[in-house]
file coords38.csv (CSV, C-alpha atoms and all ligand atoms)
chain,number,residue,atom,x,y,z
A,1,LYS,CA,-275.8,10.1,-58.3
A,2,LYS,CA,-273.3,8.3,-56.1
A,3,ASP,CA,-273.7,7.1,-52.6
A,4,LEU,CA,-277.4,6.4,-52.8
A,5,ILE,CA,-278.7,3.0,-51.9
A,6,LEU,CA,-279.3,2.0,-55.6
A,7,SER,CA,-276.4,3.9,-57.2
A,8,GLY,CA,-274.9,1.9,-60.1
A,9,LYS,CA,-277.8,-0.6,-60.2
A,10,LYS,CA,-279.9,-1.2,-63.2
A,11,ILE,CA,-283.6,-1.8,-62.5
A,12,LEU,CA,-286.5,-2.8,-64.7
A,13,ILE,CA,-290.0,-2.2,-63.5
A,14,SER,CA,-293.3,-3.2,-65.1
A,15,ALA,CA,-296.5,-1.3,-64.4
A,16,GLY,CA,-300.1,-1.0,-65.3
A,17,PRO,CA,-302.6,-3.3,-66.9
A,18,THR,CA,-302.4,-5.1,-70.2
A,19,TYR,CA,-305.2,-4.8,-72.8
A,20,GLU,CA,-306.0,-7.9,-74.7
A,21,ALA,CA,-307.6,-7.0,-78.0
A,22,ILE,CA,-310.9,-8.6,-79.0
A,23,ASP,CA,-311.4,-6.7,-82.3
A,24,PRO,CA,-310.2,-3.3,-83.6
A,25,VAL,CA,-312.3,-1.4,-81.0
A,26,ARG,CA,-312.6,-3.6,-77.9
A,27,PHE,CA,-310.3,-5.3,-75.4
A,28,ILE,CA,-310.2,-7.2,-72.1
A,29,GLY,CA,-308.4,-5.3,-69.4
A,30,ASN,CA,-308.2,-4.8,-65.6
A,31,HIS,CA,-308.4,-2.1,-63.0
A,32,SER,CA,-304.6,-1.5,-62.6
A,33,SER,CA,-303.9,2.3,-62.8
A,34,GLY,CA,-300.2,1.9,-63.0
A,35,LYS,CA,-299.7,4.0,-59.9
A,36,MET,CA,-297.7,1.4,-57.8
A,37,GLY,CA,-295.3,0.6,-60.6
A,38,PHE,CA,-294.8,4.3,-61.5
A,39,GLU,CA,-294.1,5.2,-57.8
A,40,LEU,CA,-291.5,2.4,-57.8
A,41,ALA,CA,-289.8,3.7,-60.9
A,42,LYS,CA,-289.7,7.3,-59.7
A,43,MET,CA,-288.4,6.3,-56.2
A,44,ALA,CA,-285.8,4.0,-57.8
A,45,GLU,CA,-284.5,6.9,-59.8
A,46,LYS,CA,-284.4,9.1,-56.7
A,47,LEU,CA,-282.4,6.4,-54.9
A,48,GLY,CA,-279.8,6.4,-57.7
A,49,ALA,CA,-280.8,3.5,-60.0
A,50,GLU,CA,-280.8,3.5,-63.8
A,51,VAL,CA,-284.4,2.8,-64.4
A,52,THR,CA,-286.3,1.2,-67.3
A,53,LEU,CA,-290.1,1.3,-67.0
A,54,VAL,CA,-292.3,-1.0,-69.2
A,55,ALA,CA,-295.8,0.4,-68.9
A,56,GLY,CA,-299.1,-0.9,-70.0
A,57,PRO,CA,-301.9,1.6,-70.9
A,58,THR,CA,-302.1,4.2,-68.1
A,59,HIS,CA,-302.4,7.9,-67.5
A,60,GLN,CA,-299.4,8.0,-65.2
A,61,SER,CA,-296.4,10.1,-66.1
A,62,VAL,CA,-292.6,10.1,-65.3
A,63,ASP,CA,-292.1,13.6,-66.7
A,64,GLY,CA,-289.0,15.3,-65.1
A,65,TYR,CA,-287.5,11.9,-64.2
A,66,ASN,CA,-284.5,10.3,-65.9
A,67,ILE,CA,-286.3,7.1,-66.7
A,68,LYS,CA,-286.3,5.0,-69.9
A,69,ARG,CA,-290.0,4.4,-70.6
A,70,MET,CA,-291.3,1.7,-73.0
A,71,ASP,CA,-295.0,1.7,-73.6
A,72,VAL,CA,-296.8,-1.6,-74.4
A,73,THR,CA,-300.4,-2.8,-74.7
A,74,SER,CA,-300.8,-6.6,-74.5
A,75,ALA,CA,-299.1,-9.2,-72.4
A,76,LEU,CA,-297.2,-10.5,-75.5
A,77,SER,CA,-295.9,-7.0,-76.2
A,78,MET,CA,-294.9,-6.5,-72.6
A,79,LEU,CA,-293.0,-9.8,-72.7
A,80,GLU,CA,-291.2,-8.7,-75.9
A,81,ALA,CA,-290.2,-5.3,-74.4
A,82,ILE,CA,-289.0,-6.9,-71.2
A,83,GLU,CA,-287.0,-9.5,-73.0
A,84,SER,CA,-285.2,-6.9,-75.0
A,85,VAL,CA,-283.7,-5.3,-71.9
A,86,TYR,CA,-283.7,-8.1,-69.3
A,87,GLU,CA,-280.2,-9.4,-69.5
A,88,ALA,CA,-278.5,-6.1,-68.5
A,89,GLN,CA,-280.6,-5.7,-65.3
A,90,ASP,CA,-279.6,-6.1,-61.6
A,91,ILE,CA,-283.2,-5.9,-60.3
A,92,VAL,CA,-286.5,-6.7,-61.9
A,93,ILE,CA,-289.9,-5.8,-60.3
A,94,MET,CA,-293.1,-7.0,-61.9
A,95,ALA,CA,-295.8,-4.7,-60.6
A,96,ALA,CA,-297.9,-4.9,-63.8
A,97,ALA,CA,-301.2,-6.7,-63.7
A,98,VAL,CA,-300.6,-8.9,-66.7
A,99,ALA,CA,-303.7,-10.6,-68.2
A,100,ASP,CA,-303.5,-14.4,-67.7
A,101,TYR,CA,-305.6,-15.0,-70.9
A,102,ARG,CA,-306.1,-13.3,-74.2
A,103,PRO,CA,-308.7,-13.9,-76.9
A,104,ALA,CA,-307.6,-16.8,-79.1
A,105,GLU,CA,-308.3,-14.7,-82.2
A,106,ILE,CA,-308.5,-10.9,-82.8
A,107,ALA,CA,-311.3,-10.2,-85.2
A,108,ASP,CA,-310.3,-8.1,-88.2
A,109,GLN,CA,-313.5,-6.2,-88.2
A,110,LYS,CA,-315.7,-4.8,-85.4
A,111,ILE,CA,-317.8,-7.7,-84.1
A,112,LYS,CA,-321.5,-7.1,-84.9
A,113,LYS,CA,-324.3,-7.7,-82.4
A,114,ASN,CA,-326.1,-10.2,-84.5
A,115,SER,CA,-326.9,-12.8,-81.8
A,116,ASP,CA,-328.2,-12.7,-78.2
A,117,LYS,CA,-325.2,-14.5,-76.8
A,118,MET,CA,-321.6,-14.5,-77.8
A,119,THR,CA,-318.5,-16.4,-76.6
A,120,ILE,CA,-314.9,-15.4,-76.7
A,121,GLU,CA,-312.4,-18.2,-76.7
A,122,MET,CA,-309.4,-17.4,-74.6
A,123,VAL,CA,-305.8,-18.8,-74.6
A,124,LYS,CA,-303.3,-18.6,-71.8
A,125,ASN,CA,-300.7,-15.8,-71.9
A,126,PRO,CA,-297.1,-16.5,-71.0
A,127,ASP,CA,-296.3,-16.0,-67.4
A,128,ILE,CA,-293.7,-13.3,-67.7
A,129,LEU,CA,-292.3,-13.5,-64.2
A,130,LYS,CA,-292.1,-17.3,-64.3
A,131,HIS,CA,-290.3,-17.1,-67.6
A,132,LEU,CA,-287.8,-14.5,-66.2
A,133,GLY,CA,-287.3,-16.8,-63.2
A,134,THR,CA,-285.9,-19.6,-65.4
A,135,LYS,CA,-282.9,-17.4,-66.4
A,136,LYS,CA,-282.4,-15.3,-63.4
A,137,GLY,CA,-278.6,-15.4,-62.9
A,138,ASN,CA,-277.6,-13.0,-60.1
A,139,LYS,CA,-280.6,-10.7,-60.7
A,140,MET,CA,-283.0,-10.0,-57.8
A,141,LEU,CA,-286.4,-10.9,-59.1
A,142,VAL,CA,-289.5,-9.4,-57.4
A,143,GLY,CA,-293.1,-10.1,-58.1
A,144,PHE,CA,-296.3,-8.8,-56.7
A,145,ALA,CA,-299.3,-11.0,-55.7
A,146,LEU,CA,-302.8,-9.8,-55.7
A,147,GLU,CA,-304.9,-12.3,-53.7
A,148,THR,CA,-308.5,-12.4,-52.5
A,149,ASN,CA,-308.2,-15.4,-50.2
A,150,ASP,CA,-305.5,-17.5,-48.4
A,151,ALA,CA,-303.2,-14.7,-49.3
A,152,ILE,CA,-300.0,-15.8,-47.7
A,153,LYS,CA,-300.3,-19.4,-48.8
A,154,HIS,CA,-300.9,-18.3,-52.4
A,155,ALA,CA,-298.1,-15.8,-52.3
A,156,LYS,CA,-295.6,-18.4,-51.1
A,157,GLY,CA,-296.7,-20.7,-53.9
A,158,LYS,CA,-296.0,-17.8,-56.4
A,159,LEU,CA,-292.5,-17.2,-54.8
A,160,GLU,CA,-291.6,-20.8,-55.4
A,161,ARG,CA,-293.2,-21.5,-58.8
A,162,LYS,CA,-291.8,-18.3,-60.3
A,163,ASN,CA,-288.3,-18.6,-58.7
A,164,ALA,CA,-288.7,-15.0,-57.3
A,165,ASP,CA,-286.6,-13.6,-54.4
A,166,LEU,CA,-289.4,-11.5,-53.0
A,167,ILE,CA,-293.2,-11.4,-53.4
A,168,VAL,CA,-295.0,-8.2,-52.4
A,169,LEU,CA,-298.4,-9.4,-51.3
A,170,ASN,CA,-301.3,-7.0,-51.5
A,171,THR,CA,-304.9,-8.2,-51.0
A,172,LEU,CA,-308.2,-6.8,-52.0
A,173,GLU,CA,-309.5,-7.7,-48.5
A,174,ASP,CA,-307.7,-4.6,-47.2
A,175,GLU,CA,-309.7,-1.4,-47.8
A,176,ASP,CA,-307.8,1.3,-49.5
A,177,ALA,CA,-305.2,-1.2,-50.8
A,178,GLY,CA,-304.5,-2.6,-54.2
A,179,PHE,CA,-306.0,-1.3,-57.5
A,180,GLY,CA,-306.5,2.3,-58.4
A,181,VAL,CA,-306.2,3.9,-54.9
A,182,GLU,CA,-303.3,6.1,-53.7
A,183,THR,CA,-302.4,3.8,-50.8
A,184,ASN,CA,-301.4,0.2,-50.3
A,185,LYS,CA,-300.9,-2.4,-47.5
A,186,VAL,CA,-298.2,-5.0,-48.3
A,187,THR,CA,-296.6,-8.0,-46.8
A,188,PHE,CA,-293.1,-9.2,-48.0
A,189,ILE,CA,-292.9,-12.9,-48.6
A,190,THR,CA,-289.4,-14.4,-48.9
A,191,ALA,CA,-288.1,-18.0,-48.8
A,192,ASP,CA,-286.1,-17.7,-45.5
A,193,LYS,CA,-287.8,-15.0,-43.4
A,194,GLU,CA,-291.1,-14.7,-41.7
A,195,PRO,CA,-293.7,-12.7,-43.6
A,196,LEU,CA,-293.1,-9.0,-43.0
A,197,SER,CA,-296.3,-6.9,-42.8
A,198,PHE,CA,-296.5,-3.1,-43.1
A,199,PRO,CA,-299.3,-0.7,-42.2
A,200,LEU,CA,-301.4,1.1,-44.8
A,201,LYS,CA,-299.1,3.7,-46.5
A,202,SER,CA,-299.0,5.9,-49.6
A,203,LYS,CA,-297.8,4.0,-52.7
A,204,THR,CA,-294.8,6.4,-52.6
A,205,GLU,CA,-293.8,5.2,-49.1
A,206,VAL,CA,-294.6,1.5,-50.1
A,207,ALA,CA,-292.2,1.9,-53.0
A,208,LYS,CA,-289.5,3.2,-50.7
A,209,ASP,CA,-290.0,0.2,-48.3
A,210,ILE,CA,-289.8,-2.2,-51.2
A,211,LEU,CA,-286.6,-0.6,-52.7
A,212,THR,CA,-284.9,-0.4,-49.3
A,213,PHE,CA,-285.6,-4.1,-48.7
A,214,ILE,CA,-284.2,-4.9,-52.1
A,215,ALA,CA,-281.1,-2.8,-51.6
A,216,GLN,CA,-280.4,-4.5,-48.3
A,217,ASN,CA,-280.8,-8.0,-49.8
A,218,LEU,CA,-279.0,-7.7,-53.2
A,219,LYS,CA,-276.8,-10.6,-54.1
A,220,THR,CA,-274.6,-8.5,-56.4
A,221,ASN,CA,-273.5,-6.2,-53.5
A,222,ALA,CA,-270.1,-7.8,-53.3
B,301,LIG,O1,-301.6,-0.2,-60.7
B,301,LIG,P1,-302.3,0.1,-59.4
B,301,LIG,O2,-303.7,0.6,-59.6
B,301,LIG,O3,-301.4,1.1,-58.6
B,301,LIG,O4,-302.4,-1.2,-58.6
B,301,LIG,C1,-301.3,-1.9,-58.2
B,301,LIG,C2,-301.4,-3.4,-58.3
B,301,LIG,C3,-302.5,-4.0,-57.4
B,301,LIG,C4,-301.8,-3.8,-59.8
B,301,LIG,C5,-300.0,-4.0,-58.0
B,301,LIG,O5,-299.7,-3.7,-56.6
B,301,LIG,C6,-300.0,-5.6,-58.1
B,301,LIG,O6,-300.4,-6.3,-57.2
B,301,LIG,N1,-299.6,-6.0,-59.3
B,301,LIG,C7,-299.6,-7.5,-59.7
B,301,LIG,C8,-301.0,-7.9,-60.0
B,301,LIG,C9,-301.1,-9.3,-60.5
B,301,LIG,O7,-301.2,-9.5,-61.6
B,301,LIG,O8,-300.9,-10.2,-59.6
B,301,LIG,P2,-300.9,-11.8,-59.8
B,301,LIG,O9,-301.0,-12.4,-58.5
B,301,LIG,O10,-302.0,-12.2,-60.9
B,301,LIG,O11,-299.5,-12.1,-60.5
B,301,LIG,C10,-298.4,-12.5,-59.7
B,301,LIG,C11,-297.1,-11.9,-60.4
B,301,LIG,O12,-296.9,-12.5,-61.6
B,301,LIG,C12,-297.1,-10.4,-60.6
B,301,LIG,O13,-295.8,-9.9,-60.3
B,301,LIG,C13,-297.4,-10.3,-62.1
B,301,LIG,O14,-296.8,-9.1,-62.6
B,301,LIG,C14,-296.8,-11.5,-62.7
B,301,LIG,N2,-297.5,-12.1,-63.8
B,301,LIG,C15,-298.7,-12.5,-63.8
B,301,LIG,C16,-299.3,-13.0,-64.9
B,301,LIG,C17,-298.6,-13.2,-66.1
B,301,LIG,N3,-299.1,-13.7,-67.2
B,301,LIG,N4,-297.3,-12.8,-66.1
B,301,LIG,C18,-296.7,-12.2,-65.0
B,301,LIG,O15,-295.5,-11.9,-65.0
call {"tool": "encode", "arguments": {"input": "coords38.csv", "output": "structure tokens", "more": "lines below"}}
Ligand code: PMT
result
Amino acid sequence: KKDLILSGKKILISAGPTYEAIDPVRFIGNHSSGKMGFELAKMAEKLGAEVTLVAGPTHQSVDGYNIKRMDVTSALSMLEAIESVYEAQDIVIMAAAVADYRPAEIADQKIKKNSDKMTIEMVKNPDILKHLGTKKGNKMLVGFALETNDAIKHAKGKLERKNADLIVLNTLEDEDAGFGVETNKVTFITADKEPLSFPLKSKTEVAKDILTFIAQNLKTNA
């Protein structure tokens, strides 16, 4: 596929939730369906890119697409999969909803309901995007931000802290945007431009807007 806007580019996309095990039958997860990340992966392939998709547990499919898919479960396993392919990439997009914390210990046996209250001690997961930002090189690094308040301010903070080139902000304040649904409403946050807001669109169209913006702003386009 020559002459497409992402021809010759290697792109890594993460999608979906992570599941953090509590015991052999239970986990802590979140409402990400994987849709946004999978639409990005499929659109990137259509636009000519060589696509690797690292996916948390989801029902989404990339059947019929030429996409290298790596399935993972927890934040730690997502980090490991991403690390194994990161160096070769030109573009990395973290659309996954990675759990910030995991249970400090995973019980070997199913936990019994012996007491009226129970506490699960949690420890912090690595921030994958932030870690990738410390060894970015010429790569274009893109994060998402899911905010519930002071969205632009928090998204700008994430851009800086994580050394990203673009943060795609989606807020749960917008109806029909964010988790699970077929549509999304996003604002692009960069270091040097004013925030760029888009209307509510299908996640397929949002994916195209994101990838078009990336293609136009690649550092490796020399
Ligand atoms: O999957 P869908 O149902 O289609 O929903 C899409 C979505 C809402 C999940 C997606 O559009 C989205 O916003 N994904 C990121 C959600 C999120 O975890 O946001 P955050 O603000 O907590 O994290 C900021 C960025 O850091 C994200 O790029 C995230 O992937 C990354 N991160 C977060 C925590 C962590 N431990 N490691 C990370 O890399």
call {"tool": "residues_near_ligand", "arguments": {"input": "coords38.csv", "ligand": "ligand LIG 301 (chain B)", "cutoff": "6 Å", "atoms": "all atoms listed in the file", "output": "ChimeraX atom specification"}}
result
/A:16,32-36,94-100,125-129,143-146,170,178-180
call {"tool": "write_last_selection", "arguments": {"input": "coords38.csv", "atoms": "C-alpha atoms", "output": "mmCIF file, in the coordinates of the input"}}
result
data_model
loop_
_atom_site.group_PDB
_atom_site.id
_atom_site.type_symbol
_atom_site.label_atom_id
_atom_site.label_comp_id
_atom_site.auth_asym_id
_atom_site.auth_seq_id
_atom_site.Cartn_x
_atom_site.Cartn_y
_atom_site.Cartn_z
ATOM 1 C CA GLY A 16 -300.100 -1.000 -65.300
ATOM 2 C CA SER A 32 -304.600 -1.500 -62.600
ATOM 3 C CA SER A 33 -303.900 2.300 -62.800
ATOM 4 C CA GLY A 34 -300.200 1.900 -63.000
ATOM 5 C CA LYS A 35 -299.700 4.000 -59.900
ATOM 6 C CA MET A 36 -297.700 1.400 -57.800
ATOM 7 C CA MET A 94 -293.100 -7.000 -61.900
ATOM 8 C CA ALA A 95 -295.800 -4.700 -60.600
ATOM 9 C CA ALA A 96 -297.900 -4.900 -63.800
ATOM 10 C CA ALA A 97 -301.200 -6.700 -63.700
ATOM 11 C CA VAL A 98 -300.600 -8.900 -66.700
ATOM 12 C CA ALA A 99 -303.700 -10.600 -68.200
ATOM 13 C CA ASP A 100 -303.500 -14.400 -67.700
ATOM 14 C CA ASN A 125 -300.700 -15.800 -71.900
ATOM 15 C CA PRO A 126 -297.100 -16.500 -71.000
ATOM 16 C CA ASP A 127 -296.300 -16.000 -67.400
ATOM 17 C CA ILE A 128 -293.700 -13.300 -67.700
ATOM 18 C CA LEU A 129 -292.300 -13.500 -64.200
ATOM 19 C CA GLY A 143 -293.100 -10.100 -58.100
ATOM 20 C CA PHE A 144 -296.300 -8.800 -56.700
ATOM 21 C CA ALA A 145 -299.300 -11.000 -55.700
ATOM 22 C CA LEU A 146 -302.800 -9.800 -55.700
ATOM 23 C CA ASN A 170 -301.300 -7.000 -51.500
ATOM 24 C CA GLY A 178 -304.500 -2.600 -54.200
ATOM 25 C CA PHE A 179 -306.000 -1.300 -57.500
ATOM 26 C CA GLY A 180 -306.500 2.300 -58.400
#
call {"tool": "residues_around", "arguments": {"input": "coords38.csv", "residues": "region 191-206 of chain A", "least_positions_apart": "2", "cutoff": "8 Å", "atoms": "only C-alpha atoms", "output": "ChimeraX atom specification"}}
result
/A:35-36,39-40,43,156,159-160,165-166,176-177,182-189,208-210
call {"tool": "atom_distance", "arguments": {"input": "coords38.csv", "atom1": "CA of Ile13 (chain A)", "atom2": "CA of Pro57 (chain A)"}}
result
14.5 Å
call {"tool": "closest_residue", "arguments": {"input": "coords38.csv", "among": "A:Leu12, A:Tyr101, A:Ile106, A:Thr148", "to": "Ile82 (chain A)", "atoms": "all atoms listed in the file"}}
result
A:Leu12
call {"tool": "residues_around", "arguments": {"input": "coords38.csv", "residues": "Glu80 (chain A)", "least_positions_apart": "2", "cutoff": "12 Å", "atoms": "all atoms listed in the file", "output": "ChimeraX atom specification"}}
result
/A:54,70-78,82-86,126,128,131-132
call {"tool": "closest_residue", "arguments": {"input": "coords38.csv", "among": "A:Lys110, A:Lys219, A:Lys42, A:Arg26", "to": "Arg69 (chain A)", "atoms": "only C-alpha atoms"}}
result
A:Lys42
call {"tool": "atom_distance", "arguments": {"input": "coords38.csv", "atom1": "CA of Asp90 (chain A)", "atom2": "CA of Leu141 (chain A)"}}
result
8.7 Å
call {"tool": "atom_distance", "arguments": {"input": "coords38.csv", "atom1": "CA of Asn163 (chain A)", "atom2": "CA of Lys136 (chain A)"}}
result
8.2 Å
call {"tool": "closest_residue", "arguments": {"input": "coords38.csv", "among": "A:Asp3, A:Lys10, A:Lys158, A:Asp150", "to": "Glu50 (chain A)", "atoms": "only C-alpha atoms"}}
result
A:Lys10
call {"tool": "closest_residue", "arguments": {"input": "coords38.csv", "among": "A:Ser7, A:Thr190, A:Thr18, A:Asn149", "to": "Leu79 (chain A)", "atoms": "all atoms listed in the file"}}
result
A:Thr18
call {"tool": "closest_residue", "arguments": {"input": "coords38.csv", "among": "A:Leu47, A:Met140, A:Ala41, A:Leu53", "to": "Asn217 (chain A)", "atoms": "only C-alpha atoms"}}
result
A:Met140
call {"tool": "closest_residue", "arguments": {"input": "coords38.csv", "among": "A:Lys130, A:Ala44, A:Lys139, A:Glu173", "to": "Arg161 (chain A)", "atoms": "all atoms listed in the file"}}
result
A:Lys130
